[in-house]
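S.K.: This one is model_6.pdb, PDB, C-alpha atoms and all ligand atoms.
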```
ATOM      1  CA  MET A  29       0.000   0.000   0.000  1.00  0.00           C
ATOM      2  CA  LYS A  30       1.287   3.448  -0.934  1.00  0.00           C
ATOM      3  CA  GLN A  31      -0.078   5.042   2.236  1.00  0.00           C
ATOM      4  CA  GLU A  32       1.633   2.444   4.444  1.00  0.00           C
ATOM      5  CA  THR A  33       4.899   3.066   2.643  1.00  0.00           C
ATOM      6  CA  LEU A  34       4.419   6.778   3.163  1.00  0.00           C
ATOM      7  CA  ILE A  35       3.710   6.292   6.874  1.00  0.00           C
ATOM      8  CA  THR A  36       6.608   3.846   7.352  1.00  0.00           C
ATOM      9  CA  GLY A  37       8.934   6.146   5.468  1.00  0.00           C
ATOM     10  CA  GLY A  38       7.720   9.111   7.474  1.00  0.00           C
ATOM     11  CA  ILE A  39       8.274   7.306  10.776  1.00  0.00           C
ATOM     12  CA  GLU A  40      11.768   6.243   9.703  1.00  0.00           C
ATOM     13  CA  MET A  41      12.586   9.800   8.752  1.00  0.00           C
ATOM     14  CA  LEU A  42      11.336  11.160  12.071  1.00  0.00           C
ATOM     15  CA  LYS A  43      13.172   8.421  14.009  1.00  0.00           C
ATOM     16  CA  ARG A  44      16.371   9.447  12.303  1.00  0.00           C
ATOM     17  CA  LEU A  45      15.684  12.966  13.489  1.00  0.00           C
ATOM     18  CA  GLY A  46      15.769  11.571  17.017  1.00  0.00           C
ATOM     19  CA  LEU A  47      12.091  11.473  17.820  1.00  0.00           C
ATOM     20  CA  GLY A  48      10.528   8.490  19.588  1.00  0.00           C
ATOM     21  CA  LEU A  49       8.034   6.228  17.844  1.00  0.00           C
ATOM     22  CA  VAL A  50       5.018   7.607  19.699  1.00  0.00           C
ATOM     23  CA  ALA A  51       6.052  11.215  19.095  1.00  0.00           C
ATOM     24  CA  SER A  52       6.684  10.338  15.459  1.00  0.00           C
ATOM     25  CA  LEU A  53       3.279   8.728  15.100  1.00  0.00           C
ATOM     26  CA  VAL A  54       1.506  11.678  16.709  1.00  0.00           C
ATOM     27  CA  LEU A  55       3.362  14.092  14.442  1.00  0.00           C
ATOM     28  CA  LEU A  56       2.760  12.046  11.339  1.00  0.00           C
ATOM     29  CA  LEU A  57      -0.929  11.484  12.050  1.00  0.00           C
ATOM     30  CA  GLY A  58      -1.279  15.186  12.652  1.00  0.00           C
ATOM     31  CA  MET A  59       0.344  15.897   9.296  1.00  0.00           C
ATOM     32  CA  LEU A  60      -1.795  13.316   7.515  1.00  0.00           C
ATOM     33  CA  GLY A  61      -4.890  14.588   9.303  1.00  0.00           C
ATOM     34  CA  GLY A  62      -4.225  18.075   8.044  1.00  0.00           C
ATOM     35  CA  VAL A  63      -4.021  16.791   4.501  1.00  0.00           C
ATOM     36  CA  LEU A  64      -6.798  14.210   4.583  1.00  0.00           C
ATOM     37  CA  ALA A  65      -9.301  15.788   6.954  1.00  0.00           C
ATOM     38  CA  ASP A  66     -10.252  18.677   4.721  1.00  0.00           C
ATOM     39  CA  PRO A  67     -13.987  18.544   5.449  1.00  0.00           C
ATOM     40  CA  PRO A  68     -16.277  17.967   2.474  1.00  0.00           C
ATOM     41  CA  LEU A  69     -18.442  20.860   1.340  1.00  0.00           C
ATOM     42  CA  TRP A  70     -21.720  18.995   1.597  1.00  0.00           C
ATOM     43  CA  GLY A  71     -23.972  19.623  -1.379  1.00  0.00           C
ATOM     44  CA  ASP A  72     -21.094  20.595  -3.671  1.00  0.00           C
ATOM     45  CA  ALA A  73     -21.882  17.659  -5.936  1.00  0.00           C
ATOM     46  CA  ASN A  74     -19.886  19.007  -8.891  1.00  0.00           C
ATOM     47  CA  LEU A  75     -16.864  19.792  -6.683  1.00  0.00           C
ATOM     48  CA  ASP A  76     -16.376  23.385  -7.818  1.00  0.00           C
ATOM     49  CA  GLY A  77     -16.171  24.760  -4.289  1.00  0.00           C
ATOM     50  CA  GLN A  78     -19.623  26.342  -4.296  1.00  0.00           C
ATOM     51  CA  VAL A  79     -23.098  25.086  -3.495  1.00  0.00           C
ATOM     52  CA  ASN A  80     -25.592  26.376  -6.014  1.00  0.00           C
ATOM     53  CA  MET A  81     -28.280  25.252  -8.465  1.00  0.00           C
ATOM     54  CA  ALA A  82     -25.653  23.543 -10.627  1.00  0.00           C
ATOM     55  CA  ASP A  83     -25.208  21.095  -7.750  1.00  0.00           C
ATOM     56  CA  VAL A  84     -28.945  20.475  -7.545  1.00  0.00           C
ATOM     57  CA  THR A  85     -28.870  19.591 -11.237  1.00  0.00           C
ATOM     58  CA  ARG A  86     -25.779  17.431 -10.701  1.00  0.00           C
ATOM     59  CA  ILE A  87     -27.396  15.490  -7.866  1.00  0.00           C
ATOM     60  CA  GLU A  88     -30.431  14.835 -10.066  1.00  0.00           C
ATOM     61  CA  GLN A  89     -28.058  13.576 -12.776  1.00  0.00           C
ATOM     62  CA  ILE A  90     -26.313  11.339 -10.236  1.00  0.00           C
ATOM     63  CA  ILE A  91     -29.668   9.910  -9.156  1.00  0.00           C
ATOM     64  CA  LEU A  92     -30.414   9.204 -12.829  1.00  0.00           C
ATOM     65  CA  SER A  93     -26.935   7.610 -13.231  1.00  0.00           C
ATOM     66  CA  LEU A  94     -25.987  10.258 -15.801  1.00  0.00           C
ATOM     67  CA  ASN A  95     -22.980  11.268 -13.689  1.00  0.00           C
ATOM     68  CA  PRO A  96     -20.782   9.352 -11.239  1.00  0.00           C
ATOM     69  CA  PRO A  97     -21.622   9.914  -7.551  1.00  0.00           C
ATOM     70  CA  THR A  98     -19.482  12.185  -5.401  1.00  0.00           C
ATOM     71  CA  LEU A  99     -19.183  12.127  -1.625  1.00  0.00           C
ATOM     72  CA  GLU A 100     -20.391  15.726  -1.456  1.00  0.00           C
ATOM     73  CA  ALA A 101     -23.602  14.869  -3.338  1.00  0.00           C
ATOM     74  CA  ASP A 102     -24.837  13.126  -0.185  1.00  0.00           C
ATOM     75  CA  SER A 103     -25.879  16.535   1.060  1.00  0.00           C
ATOM     76  CA  ASN A 104     -27.801  15.270   4.108  1.00  0.00           C
ATOM     77  CA  GLN A 105     -25.038  12.773   4.923  1.00  0.00           C
ATOM     78  CA  ASP A 106     -27.256   9.716   5.292  1.00  0.00           C
ATOM     79  CA  GLY A 107     -25.117   7.500   3.065  1.00  0.00           C
ATOM     80  CA  LYS A 108     -27.536   7.592   0.137  1.00  0.00           C
ATOM     81  CA  ILE A 109     -27.920   9.961  -2.781  1.00  0.00           C
ATOM     82  CA  ASN A 110     -31.571  10.591  -3.522  1.00  0.00           C
ATOM     83  CA  MET A 111     -34.212  13.324  -3.774  1.00  0.00           C
ATOM     84  CA  ALA A 112     -33.718  14.157  -0.099  1.00  0.00           C
ATOM     85  CA  ASP A 113     -30.253  15.411  -1.064  1.00  0.00           C
ATOM     86  CA  VAL A 114     -31.762  17.594  -3.782  1.00  0.00           C
ATOM     87  CA  THR A 115     -34.064  19.153  -1.186  1.00  0.00           C
ATOM     88  CA  CYS A 116     -31.243  19.395   1.338  1.00  0.00           C
ATOM     89  CA  THR A 117     -29.004  21.161  -1.169  1.00  0.00           C
ATOM     90  CA  GLU A 118     -31.778  23.614  -2.014  1.00  0.00           C
ATOM     91  CA  TYR A 119     -32.077  24.331   1.712  1.00  0.00           C
ATOM     92  CA  ARG A 120     -28.327  24.847   1.896  1.00  0.00           C
ATOM     93  CA  ILE A 121     -28.490  27.342  -0.990  1.00  0.00           C
ATOM     94  CA  LEU A 122     -31.281  29.176   0.844  1.00  0.00           C
ATOM     95  CA  GLY A 123     -29.244  29.065   4.037  1.00  0.00           C
ATOM     96  CA  ILE A 124     -31.919  27.236   6.007  1.00  0.00           C
ATOM     97  CA  TRP A 125     -30.111  23.916   6.491  1.00  0.00           C
ATOM     98  CA  SER A 126     -28.326  23.514   9.782  1.00  0.00           C
ATOM     99  CA  SER A 127     -25.265  21.434   8.908  1.00  0.00           C
ATOM    100  CA  LYS A 128     -23.321  19.151  11.190  1.00  0.00           C
TER
HETATM  101 CA    CA A 201     -20.794  23.078  -6.743  1.00  0.00          CA
HETATM  102 CA    CA A 202     -28.264  11.590   1.289  1.00  0.00          CA
END
```
Could you rewrite the structure in this file as structure tokens?
Ligand SMILES: [Ca+2]
Ligand SMILES: [Ca+2]
M.R.:
Amino acid sequence: MKQETLITGGIEMLKRLGLGLVASLVLLLGMLGGVLADPPLWGDANLDGQVNMADVTRIEQIILSLNPPTLEADSNQDGKINMADVTCTEYRILGIWSSK
């Protein structure tokens, strides 16, 4: 696995710098977390950084299998992409959806 290699390599590098394994792990996980934990913009189905009517259209296309699903299309975060996400995204555009 590439990620394992990256982590192992990172730990080795930090060990060489004189840090203990635990300190290395904490540092590395923090670094990885910063990179990987960029929170999704829920409703931004077309991944352009904005939530607008284009995303509503995109979610409808995803439901119809005309476009591949994206994580962000699951606007209400229930693990499914359906008409509830269309409604949820419209609420987000109107600013009346309280997000997690
Ligand atoms: Ca968008
Ligand atoms: Ca959903």
S.K.: Give as an NGL selection string the residues surrounding ligand CA 201 (chain A) up to a distance of 7 Å, considering only C-alpha atoms and all ligand atoms.
M.R.: :A and (72-80 or 82-83)
S.K.: May I ask which of the residues A:Gly37, A:Gly71, A:Gly46, A:Gly58 is the closest one to Asp113 (chain A), counting all atoms listed in the file?
M.R.: A:Gly71
S.K.: Just the residues within 12 Å of Thr115 (chain A), please, counting all atoms listed in the file, with nothing from its chain fewer than 2 positions along; format it as a ChimeraX atom specification.
M.R.: /A:71,81,83-85,87-88,101-104,109-113,117-122,124-125
S.K.: Just give me the gap between atom CA of ligand CA 202 (chain A) and CA of Val114 (chain A) in Å, one decimal is fine.
M.R.: 8.6 Å
S.K.: I'd like the interatomic distance between CA of Leu45 (chain A) and CA of Gln31 (chain A), to a tenth of an Å.
M.R.: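 Result for CA of Leu45 (chain A) versus CA of Gln31 (chain A): 20.9 Å, one decimal.
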S.K.: Each side padded by 8 Å, which centre and which edge lengths in Å (one decimal) define the axis-aligned box around the listed atoms of region 110-121 of chain A? Give them as JSON.
M.R.:
```
{"center_x": -31.3, "center_y": 19.0, "center_z": -0.9, "size_x": 21.9, "size_y": 32.8, "size_z": 21.7}
```
S.K.: So the first atom is CA of Gly107 (chain A) and the second is CA of Ser93 (chain A); what is the distance between them in Å, to one decimal place?
M.R.: 16.4 Å
S.K.: Measuring between all atoms listed in the file, which one of A:Lys43, A:Pro68, A:Leu34, A:Ile90 shows the shortest distance to Lys108 (chain A)?
M.R.: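 Looking only at the distances to Lys108 (chain A), the closest residue turns out to be A:Ile90.
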S.K.: Select, from A:Pro96, A:Ser126, A:Trp70, A:Gln89, the residue with the minimum atom-to-atom distance to ligand CA 202 (chain A), counting all atoms listed in the file.
M.R.: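 Result for the nearest residue to ligand CA 202 (chain A): A:Trp70.
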S.K.: Will you model N, CA and C atoms for region 66-89 of chain A and pass it back as a PDB file, in the frame of the given file?
M.R.:
```
ATOM      1  N   ASP A  66      -9.591  17.509   5.269  1.00  0.00           N
ATOM      2  CA  ASP A  66     -10.252  18.677   4.721  1.00  0.00           C
ATOM      3  C   ASP A  66     -11.737  18.337   4.623  1.00  0.00           C
ATOM      4  N   PRO A  67     -12.597  18.980   5.402  1.00  0.00           N
ATOM      5  CA  PRO A  67     -13.987  18.544   5.449  1.00  0.00           C
ATOM      6  C   PRO A  67     -14.702  18.764   4.118  1.00  0.00           C
ATOM      7  N   PRO A  68     -15.551  17.810   3.737  1.00  0.00           N
ATOM      8  CA  PRO A  68     -16.277  17.967   2.474  1.00  0.00           C
ATOM      9  C   PRO A  68     -17.237  19.151   2.552  1.00  0.00           C
ATOM     10  N   LEU A  69     -17.423  19.817   1.433  1.00  0.00           N
ATOM     11  CA  LEU A  69     -18.442  20.860   1.340  1.00  0.00           C
ATOM     12  C   LEU A  69     -19.727  20.159   0.901  1.00  0.00           C
ATOM     13  N   TRP A  70     -20.534  19.794   1.887  1.00  0.00           N
ATOM     14  CA  TRP A  70     -21.720  18.995   1.597  1.00  0.00           C
ATOM     15  C   TRP A  70     -22.648  19.737   0.646  1.00  0.00           C
ATOM     16  N   GLY A  71     -23.098  19.039  -0.365  1.00  0.00           N
ATOM     17  CA  GLY A  71     -23.972  19.623  -1.379  1.00  0.00           C
ATOM     18  C   GLY A  71     -23.216  20.052  -2.622  1.00  0.00           C
ATOM     19  N   ASP A  72     -21.892  20.192  -2.505  1.00  0.00           N
ATOM     20  CA  ASP A  72     -21.094  20.595  -3.671  1.00  0.00           C
ATOM     21  C   ASP A  72     -20.850  19.381  -4.555  1.00  0.00           C
ATOM     22  N   ALA A  73     -21.922  18.917  -5.183  1.00  0.00           N
ATOM     23  CA  ALA A  73     -21.882  17.659  -5.936  1.00  0.00           C
ATOM     24  C   ALA A  73     -20.940  17.719  -7.121  1.00  0.00           C
ATOM     25  N   ASN A  74     -20.766  18.909  -7.718  1.00  0.00           N
ATOM     26  CA  ASN A  74     -19.886  19.007  -8.891  1.00  0.00           C
ATOM     27  C   ASN A  74     -18.471  19.463  -8.515  1.00  0.00           C
ATOM     28  N   LEU A  75     -18.214  19.564  -7.211  1.00  0.00           N
ATOM     29  CA  LEU A  75     -16.864  19.792  -6.683  1.00  0.00           C
ATOM     30  C   LEU A  75     -16.200  21.063  -7.205  1.00  0.00           C
ATOM     31  N   ASP A  76     -16.978  22.127  -7.365  1.00  0.00           N
ATOM     32  CA  ASP A  76     -16.376  23.385  -7.818  1.00  0.00           C
ATOM     33  C   ASP A  76     -16.179  24.373  -6.672  1.00  0.00           C
ATOM     34  N   GLY A  77     -16.431  23.904  -5.449  1.00  0.00           N
ATOM     35  CA  GLY A  77     -16.171  24.760  -4.289  1.00  0.00           C
ATOM     36  C   GLY A  77     -17.334  25.655  -3.898  1.00  0.00           C
ATOM     37  N   GLN A  78     -18.443  25.545  -4.621  1.00  0.00           N
ATOM     38  CA  GLN A  78     -19.623  26.342  -4.296  1.00  0.00           C
ATOM     39  C   GLN A  78     -20.852  25.446  -4.282  1.00  0.00           C
ATOM     40  N   VAL A  79     -21.828  25.817  -3.493  1.00  0.00           N
ATOM     41  CA  VAL A  79     -23.098  25.086  -3.495  1.00  0.00           C
ATOM     42  C   VAL A  79     -24.143  25.982  -4.134  1.00  0.00           C
ATOM     43  N   ASN A  80     -24.588  25.575  -5.311  1.00  0.00           N
ATOM     44  CA  ASN A  80     -25.592  26.376  -6.014  1.00  0.00           C
ATOM     45  C   ASN A  80     -26.474  25.450  -6.855  1.00  0.00           C
ATOM     46  N   MET A  81     -27.308  26.048  -7.715  1.00  0.00           N
ATOM     47  CA  MET A  81     -28.280  25.252  -8.465  1.00  0.00           C
ATOM     48  C   MET A  81     -27.614  24.234  -9.397  1.00  0.00           C
ATOM     49  N   ALA A  82     -26.373  24.510  -9.792  1.00  0.00           N
ATOM     50  CA  ALA A  82     -25.653  23.543 -10.627  1.00  0.00           C
ATOM     51  C   ALA A  82     -25.489  22.220  -9.866  1.00  0.00           C
ATOM     52  N   ASP A  83     -25.353  22.315  -8.553  1.00  0.00           N
ATOM     53  CA  ASP A  83     -25.208  21.095  -7.750  1.00  0.00           C
ATOM     54  C   ASP A  83     -26.535  20.346  -7.628  1.00  0.00           C
ATOM     55  N   VAL A  84     -27.622  21.108  -7.574  1.00  0.00           N
ATOM     56  CA  VAL A  84     -28.945  20.475  -7.545  1.00  0.00           C
ATOM     57  C   VAL A  84     -29.136  19.657  -8.820  1.00  0.00           C
ATOM     58  N   THR A  85     -28.788  20.280  -9.948  1.00  0.00           N
ATOM     59  CA  THR A  85     -28.870  19.591 -11.237  1.00  0.00           C
ATOM     60  C   THR A  85     -27.959  18.370 -11.239  1.00  0.00           C
ATOM     61  N   ARG A  86     -26.740  18.529 -10.710  1.00  0.00           N
ATOM     62  CA  ARG A  86     -25.779  17.431 -10.701  1.00  0.00           C
ATOM     63  C   ARG A  86     -26.285  16.257  -9.858  1.00  0.00           C
ATOM     64  N   ILE A  87     -26.880  16.569  -8.720  1.00  0.00           N
ATOM     65  CA  ILE A  87     -27.396  15.490  -7.866  1.00  0.00           C
ATOM     66  C   ILE A  87     -28.513  14.740  -8.592  1.00  0.00           C
ATOM     67  N   GLU A  88     -29.372  15.487  -9.290  1.00  0.00           N
ATOM     68  CA  GLU A  88     -30.431  14.835 -10.066  1.00  0.00           C
ATOM     69  C   GLU A  88     -29.816  13.921 -11.134  1.00  0.00           C
ATOM     70  N   GLN A  89     -28.728  14.398 -11.754  1.00  0.00           N
ATOM     71  CA  GLN A  89     -28.058  13.576 -12.776  1.00  0.00           C
ATOM     72  C   GLN A  89     -27.422  12.331 -12.142  1.00  0.00           C
TER      73      GLN A  89
END
```
